[in-house]
Amino acid sequence: LSGHNKAVHCLAFHPTQKVLVSGSIGGSVRAWDWSTFGPSNHFVGGVTALSDANDSPRALIFDPEGKELYVGSTNAKIFKVEFAPGKSIGSIPWRIEKGNPLHFVWRKNGPLIAALGSSDIHVFDRLEMFLPGEFLRGHQSGVLSLGSSLDGRSIVSASLDGTIRYWPDFRNHSRINVAEAKGTSWKDQLRAYSIQWRQHFLAADFQQGELSLYRMSDRKLARTIPKSNDDSFVLS
């Protein structure tokens, strides 16, 4: 898919339509028709942009019904846009107090949850997102990635402190003991960069040339899969 002039930092699929959105450095957000691999008729000509060129998209997510797109950007902002033909991103974002949105998760009947690059995880208010909501605390360093159960009741989080934590019902987190599972091959300086949770399995990338796959039933290591550190991944 060609159209961005600068590096693409984030992607999101629409929950019900064959549409992919992408965000790049410089503030542009593009919508793609996944059936034709061309621009979608959403936005004007398939592209919209943040109001300030100094803001760059770092996280994208649709609300569970797919009516609105939320864009987390640098400078601690979140923009919202109605996802319909001819619409563009509004000029008035709301600001985040404790960091820049790096990753979102949002399941049906659950709240919007954001990794902010700090040790706290922001759980937004379910009814009024402009209210402060609450913060989940447990990591010792910046949280980079999140995953959610299908029912939206539990999440997992990955951090630069090298740990993955499991939060059932957003309370009383437990640590997935990745170091114990890896044994003597584990290096303390490794960090958890990216995770994805799909039903019974959790995939985690520690940038060590392999993907670690955990069973969520007992949260134990099931297997490892070779992977270049330059490659991203999708757990289908």
# chains A, B, ... in the order shown; residues from 1 in each chain; ligands from 1
$ residues_around --residues "His42 in chain A" --least-positions-apart "4" --cutoff "9 Å" --atoms "only C-alpha atoms" --output "MDAnalysis selection string"
chainID A and resid 30:32 46:47 83:88
$ residues_around --residues "range 4-12 of chain A" --least-positions-apart "3" --cutoff "8 Å" --atoms "only C-alpha atoms" --output "list in words"
Leu20, Val21, Ser22, Gly23, Ser24, Ile25, Gly26, Ser28, Arg30, Pro57, Arg58, Ala59, Leu60, Ile61 and Phe62 of chain A
$ write_last_selection --atoms "N, CA and C atoms" --output "mmCIF file, in the first residue's frame"
data_model
loop_
_atom_site.group_PDB
_atom_site.id
_atom_site.type_symbol
_atom_site.label_atom_id
_atom_site.label_comp_id
_atom_site.auth_asym_id
_atom_site.auth_seq_id
_atom_site.Cartn_x
_atom_site.Cartn_y
_atom_site.Cartn_z
ATOM 1 N N LEU A 20 -8.694 -0.776 6.435
ATOM 2 C CA LEU A 20 -7.496 -0.635 7.248
ATOM 3 C C LEU A 20 -7.151 0.839 7.339
ATOM 4 N N VAL A 21 -6.776 1.320 8.512
ATOM 5 C CA VAL A 21 -6.292 2.693 8.659
ATOM 6 C C VAL A 21 -4.831 2.648 9.093
ATOM 7 N N SER A 22 -4.068 3.652 8.661
ATOM 8 C CA SER A 22 -2.642 3.723 8.965
ATOM 9 C C SER A 22 -2.280 5.153 9.345
ATOM 10 N N GLY A 23 -1.330 5.291 10.260
ATOM 11 C CA GLY A 23 -0.873 6.606 10.686
ATOM 12 C C GLY A 23 0.628 6.727 10.561
ATOM 13 N N SER A 24 1.102 7.893 10.104
ATOM 14 C CA SER A 24 2.534 8.054 9.862
ATOM 15 C C SER A 24 3.073 9.333 10.479
ATOM 16 N N ILE A 25 4.401 9.398 10.533
ATOM 17 C CA ILE A 25 5.085 10.604 10.985
ATOM 18 C C ILE A 25 4.632 11.783 10.131
ATOM 19 N N GLY A 26 4.431 12.914 10.764
ATOM 20 C CA GLY A 26 3.962 14.096 10.060
ATOM 21 C C GLY A 26 2.476 14.323 10.208
ATOM 22 N N SER A 28 -0.289 12.330 9.106
ATOM 23 C CA SER A 28 -1.301 11.848 8.175
ATOM 24 C C SER A 28 -1.884 10.510 8.629
ATOM 25 N N ARG A 30 -4.422 7.524 6.900
ATOM 26 C CA ARG A 30 -5.031 7.083 5.653
ATOM 27 C C ARG A 30 -5.950 5.891 5.887
ATOM 28 N N PRO A 57 0.729 10.328 14.697
ATOM 29 C CA PRO A 57 -0.028 9.205 15.242
ATOM 30 C C PRO A 57 0.905 8.110 15.756
ATOM 31 N N ARG A 58 0.640 7.607 16.963
ATOM 32 C CA ARG A 58 1.384 6.487 17.513
ATOM 33 C C ARG A 58 0.491 5.295 17.827
ATOM 34 N N ALA A 59 -0.835 5.514 17.903
ATOM 35 C CA ALA A 59 -1.770 4.429 18.191
ATOM 36 C C ALA A 59 -3.109 4.741 17.536
ATOM 37 N N LEU A 60 -3.753 3.721 16.976
ATOM 38 C CA LEU A 60 -5.056 3.862 16.334
ATOM 39 C C LEU A 60 -5.993 2.787 16.858
ATOM 40 N N ILE A 61 -7.267 3.138 17.042
ATOM 41 C CA ILE A 61 -8.253 2.121 17.410
ATOM 42 C C ILE A 61 -9.647 2.625 17.068
ATOM 43 N N PHE A 62 -10.508 1.703 16.653
ATOM 44 C CA PHE A 62 -11.924 2.005 16.469
ATOM 45 C C PHE A 62 -12.678 1.675 17.745
#
$ residues_around --residues "Pro101 in chain A" --least-positions-apart "4" --cutoff "6 Å" --atoms "only C-alpha atoms" --output "MDAnalysis selection string"
chainID A and resid 72 115:116
$ write_last_selection --atoms "C-alpha atoms" --output "PDB file, in the first residue's frame"
ATOM      1  CA  GLY A  72      -3.266   8.633  19.943  1.00  0.00           C
ATOM      2  CA  ALA A 115      -0.394   2.172  27.223  1.00  0.00           C
ATOM      3  CA  LEU A 116       1.249   5.543  27.723  1.00  0.00           C
TER       4      LEU A 116
END
$ residues_around --residues "Phe206 in chain A" --least-positions-apart "2" --cutoff "7 Å" --atoms "only C-alpha atoms" --output "PyMOL selection string"
chain A and resi 190-193+204+208
$ write_last_selection --atoms "N, CA, C and O atoms" --output "PDB file, in the first residue's frame"
ATOM      1  N   LEU A 190      16.791  -8.002  28.588  1.00  0.00           N
ATOM      2  CA  LEU A 190      15.770  -8.035  27.549  1.00  0.00           C
ATOM      3  C   LEU A 190      14.484  -7.386  28.033  1.00  0.00           C
ATOM      4  O   LEU A 190      14.138  -7.442  29.206  1.00  0.00           O
ATOM      5  N   ARG A 191      13.753  -6.799  27.113  1.00  0.00           N
ATOM      6  CA  ARG A 191      12.537  -6.058  27.438  1.00  0.00           C
ATOM      7  C   ARG A 191      11.370  -6.586  26.617  1.00  0.00           C
ATOM      8  O   ARG A 191      11.567  -7.065  25.500  1.00  0.00           O
ATOM      9  N   ALA A 192      10.179  -6.505  27.164  1.00  0.00           N
ATOM     10  CA  ALA A 192       8.978  -6.944  26.450  1.00  0.00           C
ATOM     11  C   ALA A 192       8.481  -5.796  25.577  1.00  0.00           C
ATOM     12  O   ALA A 192       7.999  -4.788  26.094  1.00  0.00           O
ATOM     13  N   TYR A 193       8.589  -5.940  24.264  1.00  0.00           N
ATOM     14  CA  TYR A 193       8.255  -4.854  23.355  1.00  0.00           C
ATOM     15  C   TYR A 193       6.827  -4.933  22.820  1.00  0.00           C
ATOM     16  O   TYR A 193       6.193  -3.910  22.598  1.00  0.00           O
ATOM     17  N   ALA A 204       4.517 -13.017  22.573  1.00  0.00           N
ATOM     18  CA  ALA A 204       5.317 -11.919  23.109  1.00  0.00           C
ATOM     19  C   ALA A 204       6.639 -11.824  22.364  1.00  0.00           C
ATOM     20  O   ALA A 204       7.287 -12.841  22.073  1.00  0.00           O
ATOM     21  N   GLN A 208      14.674 -10.897  20.833  1.00  0.00           N
ATOM     22  CA  GLN A 208      15.813 -11.798  20.968  1.00  0.00           C
ATOM     23  C   GLN A 208      15.829 -12.833  19.840  1.00  0.00           C
ATOM     24  O   GLN A 208      16.330 -13.933  19.988  1.00  0.00           O
TER      25      GLN A 208
END
$ select_by_dssp --residues "range 22-142 of chain A" --states "strand (DSSP E)" --output "ChimeraX atom specification"
/A:22-24,28-33,38-39,47-49,57-62,68-73,77-82,94-95,103-105,113-115,120-123,134-137
$ atom_distance --atom1 "CA of Leu131 in chain A" --atom2 "CA of Lys98 in chain A"
14.1 Å
$ select_by_dssp --residues "range 82-209 of chain A" --states "alpha helix (DSSP H)" --output "mmCIF file with N, CA and C atoms, in the first residue's frame"
data_model
loop_
_atom_site.group_PDB
_atom_site.id
_atom_site.type_symbol
_atom_site.label_atom_id
_atom_site.label_comp_id
_atom_site.auth_asym_id
_atom_site.auth_seq_id
_atom_site.Cartn_x
_atom_site.Cartn_y
_atom_site.Cartn_z
ATOM 1 N N VAL A 178 8.193 -15.065 32.758
ATOM 2 C CA VAL A 178 8.903 -15.347 31.510
ATOM 3 C C VAL A 178 10.340 -15.784 31.776
ATOM 4 N N ALA A 179 10.979 -15.236 32.781
ATOM 5 C CA ALA A 179 12.367 -15.598 33.063
ATOM 6 C C ALA A 179 12.470 -17.059 33.488
ATOM 7 N N GLU A 180 11.561 -17.508 34.326
ATOM 8 C CA GLU A 180 11.559 -18.902 34.776
ATOM 9 C C GLU A 180 11.312 -19.846 33.608
ATOM 10 N N ALA A 181 10.399 -19.471 32.729
ATOM 11 C CA ALA A 181 10.077 -20.319 31.586
ATOM 12 C C ALA A 181 11.251 -20.426 30.621
ATOM 13 N N LYS A 182 12.013 -19.367 30.481
ATOM 14 C CA LYS A 182 13.128 -19.375 29.540
ATOM 15 C C LYS A 182 14.373 -20.050 30.117
#
$ atom_distance --atom1 "CA of Val19 in chain A" --atom2 "CA of Ser149 in chain A"
22.7 Å
$ residues_around --residues "Leu112 in chain A" --least-positions-apart "3" --cutoff "10 Å" --atoms "only C-alpha atoms" --output "list in words"
Ile61, Phe62, Asp63, Pro64, Tyr70, Phe104, Val105, Trp106, Arg107, Lys108, Asn109, His122, Val123, Phe124, Asp125, Arg126, Met129, Gly133 and Gly152 of chain A
$ write_last_selection --atoms "N, CA, C and O atoms" --output "PDB file, in the first residue's frame"
ATOM      1  N   ILE A  61      -7.267   3.138  17.042  1.00  0.00           N
ATOM      2  CA  ILE A  61      -8.253   2.121  17.410  1.00  0.00           C
ATOM      3  C   ILE A  61      -9.647   2.625  17.068  1.00  0.00           C
ATOM      4  O   ILE A  61      -9.920   3.832  17.152  1.00  0.00           O
ATOM      5  N   PHE A  62     -10.508   1.703  16.653  1.00  0.00           N
ATOM      6  CA  PHE A  62     -11.924   2.005  16.469  1.00  0.00           C
ATOM      7  C   PHE A  62     -12.678   1.675  17.745  1.00  0.00           C
ATOM      8  O   PHE A  62     -12.284   0.770  18.490  1.00  0.00           O
ATOM      9  N   ASP A  63     -13.762   2.405  17.972  1.00  0.00           N
ATOM     10  CA  ASP A  63     -14.653   1.979  19.051  1.00  0.00           C
ATOM     11  C   ASP A  63     -15.251   0.639  18.639  1.00  0.00           C
ATOM     12  O   ASP A  63     -15.232   0.278  17.447  1.00  0.00           O
ATOM     13  N   PRO A  64     -15.764  -0.160  19.568  1.00  0.00           N
ATOM     14  CA  PRO A  64     -16.213  -1.521  19.230  1.00  0.00           C
ATOM     15  C   PRO A  64     -17.273  -1.584  18.132  1.00  0.00           C
ATOM     16  O   PRO A  64     -17.381  -2.595  17.438  1.00  0.00           O
ATOM     17  N   TYR A  70     -10.166   6.607  16.993  1.00  0.00           N
ATOM     18  CA  TYR A  70      -9.395   7.359  17.977  1.00  0.00           C
ATOM     19  C   TYR A  70      -7.922   7.282  17.611  1.00  0.00           C
ATOM     20  O   TYR A  70      -7.394   6.202  17.304  1.00  0.00           O
ATOM     21  N   PHE A 104      -3.471   0.982  22.138  1.00  0.00           N
ATOM     22  CA  PHE A 104      -4.829   0.922  22.670  1.00  0.00           C
ATOM     23  C   PHE A 104      -5.366  -0.506  22.598  1.00  0.00           C
ATOM     24  O   PHE A 104      -5.010  -1.276  21.708  1.00  0.00           O
ATOM     25  N   VAL A 105      -6.265  -0.842  23.522  1.00  0.00           N
ATOM     26  CA  VAL A 105      -7.149  -1.999  23.378  1.00  0.00           C
ATOM     27  C   VAL A 105      -8.553  -1.555  23.776  1.00  0.00           C
ATOM     28  O   VAL A 105      -8.730  -0.702  24.645  1.00  0.00           O
ATOM     29  N   TRP A 106      -9.547  -2.134  23.108  1.00  0.00           N
ATOM     30  CA  TRP A 106     -10.943  -1.757  23.390  1.00  0.00           C
ATOM     31  C   TRP A 106     -11.856  -2.872  22.918  1.00  0.00           C
ATOM     32  O   TRP A 106     -11.995  -3.103  21.714  1.00  0.00           O
ATOM     33  N   ARG A 107     -12.457  -3.586  23.836  1.00  0.00           N
ATOM     34  CA  ARG A 107     -13.388  -4.657  23.521  1.00  0.00           C
ATOM     35  C   ARG A 107     -14.822  -4.211  23.774  1.00  0.00           C
ATOM     36  O   ARG A 107     -15.077  -3.280  24.549  1.00  0.00           O
ATOM     37  N   LYS A 108     -15.769  -4.890  23.150  1.00  0.00           N
ATOM     38  CA  LYS A 108     -17.180  -4.590  23.338  1.00  0.00           C
ATOM     39  C   LYS A 108     -17.539  -4.698  24.814  1.00  0.00           C
ATOM     40  O   LYS A 108     -17.131  -5.641  25.494  1.00  0.00           O
ATOM     41  N   ASN A 109     -18.298  -3.714  25.306  1.00  0.00           N
ATOM     42  CA  ASN A 109     -18.733  -3.633  26.696  1.00  0.00           C
ATOM     43  C   ASN A 109     -17.598  -3.320  27.664  1.00  0.00           C
ATOM     44  O   ASN A 109     -17.806  -3.312  28.882  1.00  0.00           O
ATOM     45  N   HIS A 122      -3.621   3.389  31.579  1.00  0.00           N
ATOM     46  CA  HIS A 122      -4.775   4.271  31.725  1.00  0.00           C
ATOM     47  C   HIS A 122      -6.038   3.535  31.293  1.00  0.00           C
ATOM     48  O   HIS A 122      -6.174   3.137  30.137  1.00  0.00           O
ATOM     49  N   VAL A 123      -6.981   3.358  32.223  1.00  0.00           N
ATOM     50  CA  VAL A 123      -8.295   2.790  31.937  1.00  0.00           C
ATOM     51  C   VAL A 123      -9.285   3.950  31.931  1.00  0.00           C
ATOM     52  O   VAL A 123      -9.554   4.552  32.973  1.00  0.00           O
ATOM     53  N   PHE A 124      -9.832   4.270  30.769  1.00  0.00           N
ATOM     54  CA  PHE A 124     -10.719   5.420  30.652  1.00  0.00           C
ATOM     55  C   PHE A 124     -12.093   5.115  31.242  1.00  0.00           C
ATOM     56  O   PHE A 124     -12.530   3.952  31.290  1.00  0.00           O
ATOM     57  N   ASP A 125     -12.767   6.167  31.657  1.00  0.00           N
ATOM     58  CA  ASP A 125     -14.121   6.028  32.185  1.00  0.00           C
ATOM     59  C   ASP A 125     -15.032   5.443  31.106  1.00  0.00           C
ATOM     60  O   ASP A 125     -14.981   5.851  29.942  1.00  0.00           O
ATOM     61  N   ARG A 126     -15.877   4.474  31.448  1.00  0.00           N
ATOM     62  CA  ARG A 126     -16.712   3.784  30.464  1.00  0.00           C
ATOM     63  C   ARG A 126     -17.795   4.682  29.878  1.00  0.00           C
ATOM     64  O   ARG A 126     -18.220   4.499  28.736  1.00  0.00           O
ATOM     65  N   MET A 129     -15.446   9.566  28.493  1.00  0.00           N
ATOM     66  CA  MET A 129     -14.016   9.355  28.312  1.00  0.00           C
ATOM     67  C   MET A 129     -13.164  10.559  28.671  1.00  0.00           C
ATOM     68  O   MET A 129     -11.955  10.444  28.844  1.00  0.00           O
ATOM     69  N   GLY A 133     -10.803   8.707  34.730  1.00  0.00           N
ATOM     70  CA  GLY A 133     -10.744   7.264  34.750  1.00  0.00           C
ATOM     71  C   GLY A 133      -9.855   6.776  35.884  1.00  0.00           C
ATOM     72  O   GLY A 133      -9.787   7.386  36.951  1.00  0.00           O
ATOM     73  N   GLY A 152     -13.373  -8.621  26.993  1.00  0.00           N
ATOM     74  CA  GLY A 152     -12.991  -7.298  27.466  1.00  0.00           C
ATOM     75  C   GLY A 152     -12.839  -7.176  28.961  1.00  0.00           C
ATOM     76  O   GLY A 152     -12.657  -6.079  29.482  1.00  0.00           O
TER      77      GLY A 152
END
$ atom_distance --atom1 "CA of Leu213 in chain A" --atom2 "CA of Arg171 in chain A"
23.8 Å
$ closest_residue --among "A:Leu1, A:Met216, A:Leu160, A:Leu50" --to "Val81 in chain A" --atoms "only C-alpha atoms"
A:Leu50
$ closest_residue --among "A:Ser194, A:Asn75, A:Thr16, A:Asn41" --to "Ile96 in chain A" --atoms "only C-alpha atoms"
A:Asn75
$ residues_around --residues "Ser2 in chain A" --least-positions-apart "4" --cutoff "10 Å" --atoms "only C-alpha atoms" --output "VMD selection string"
chain A and resid 37 to 39
$ residues_around --residues "Ile155 in chain A" --least-positions-apart "4" --cutoff "6 Å" --atoms "only C-alpha atoms" --output "ChimeraX atom specification"
/A:147-148,167
$ closest_residue --among "A:Pro111, A:Gly66, A:Gly90, A:Pro226" --to "Gly209 in chain A" --atoms "only C-alpha atoms"
A:Pro226
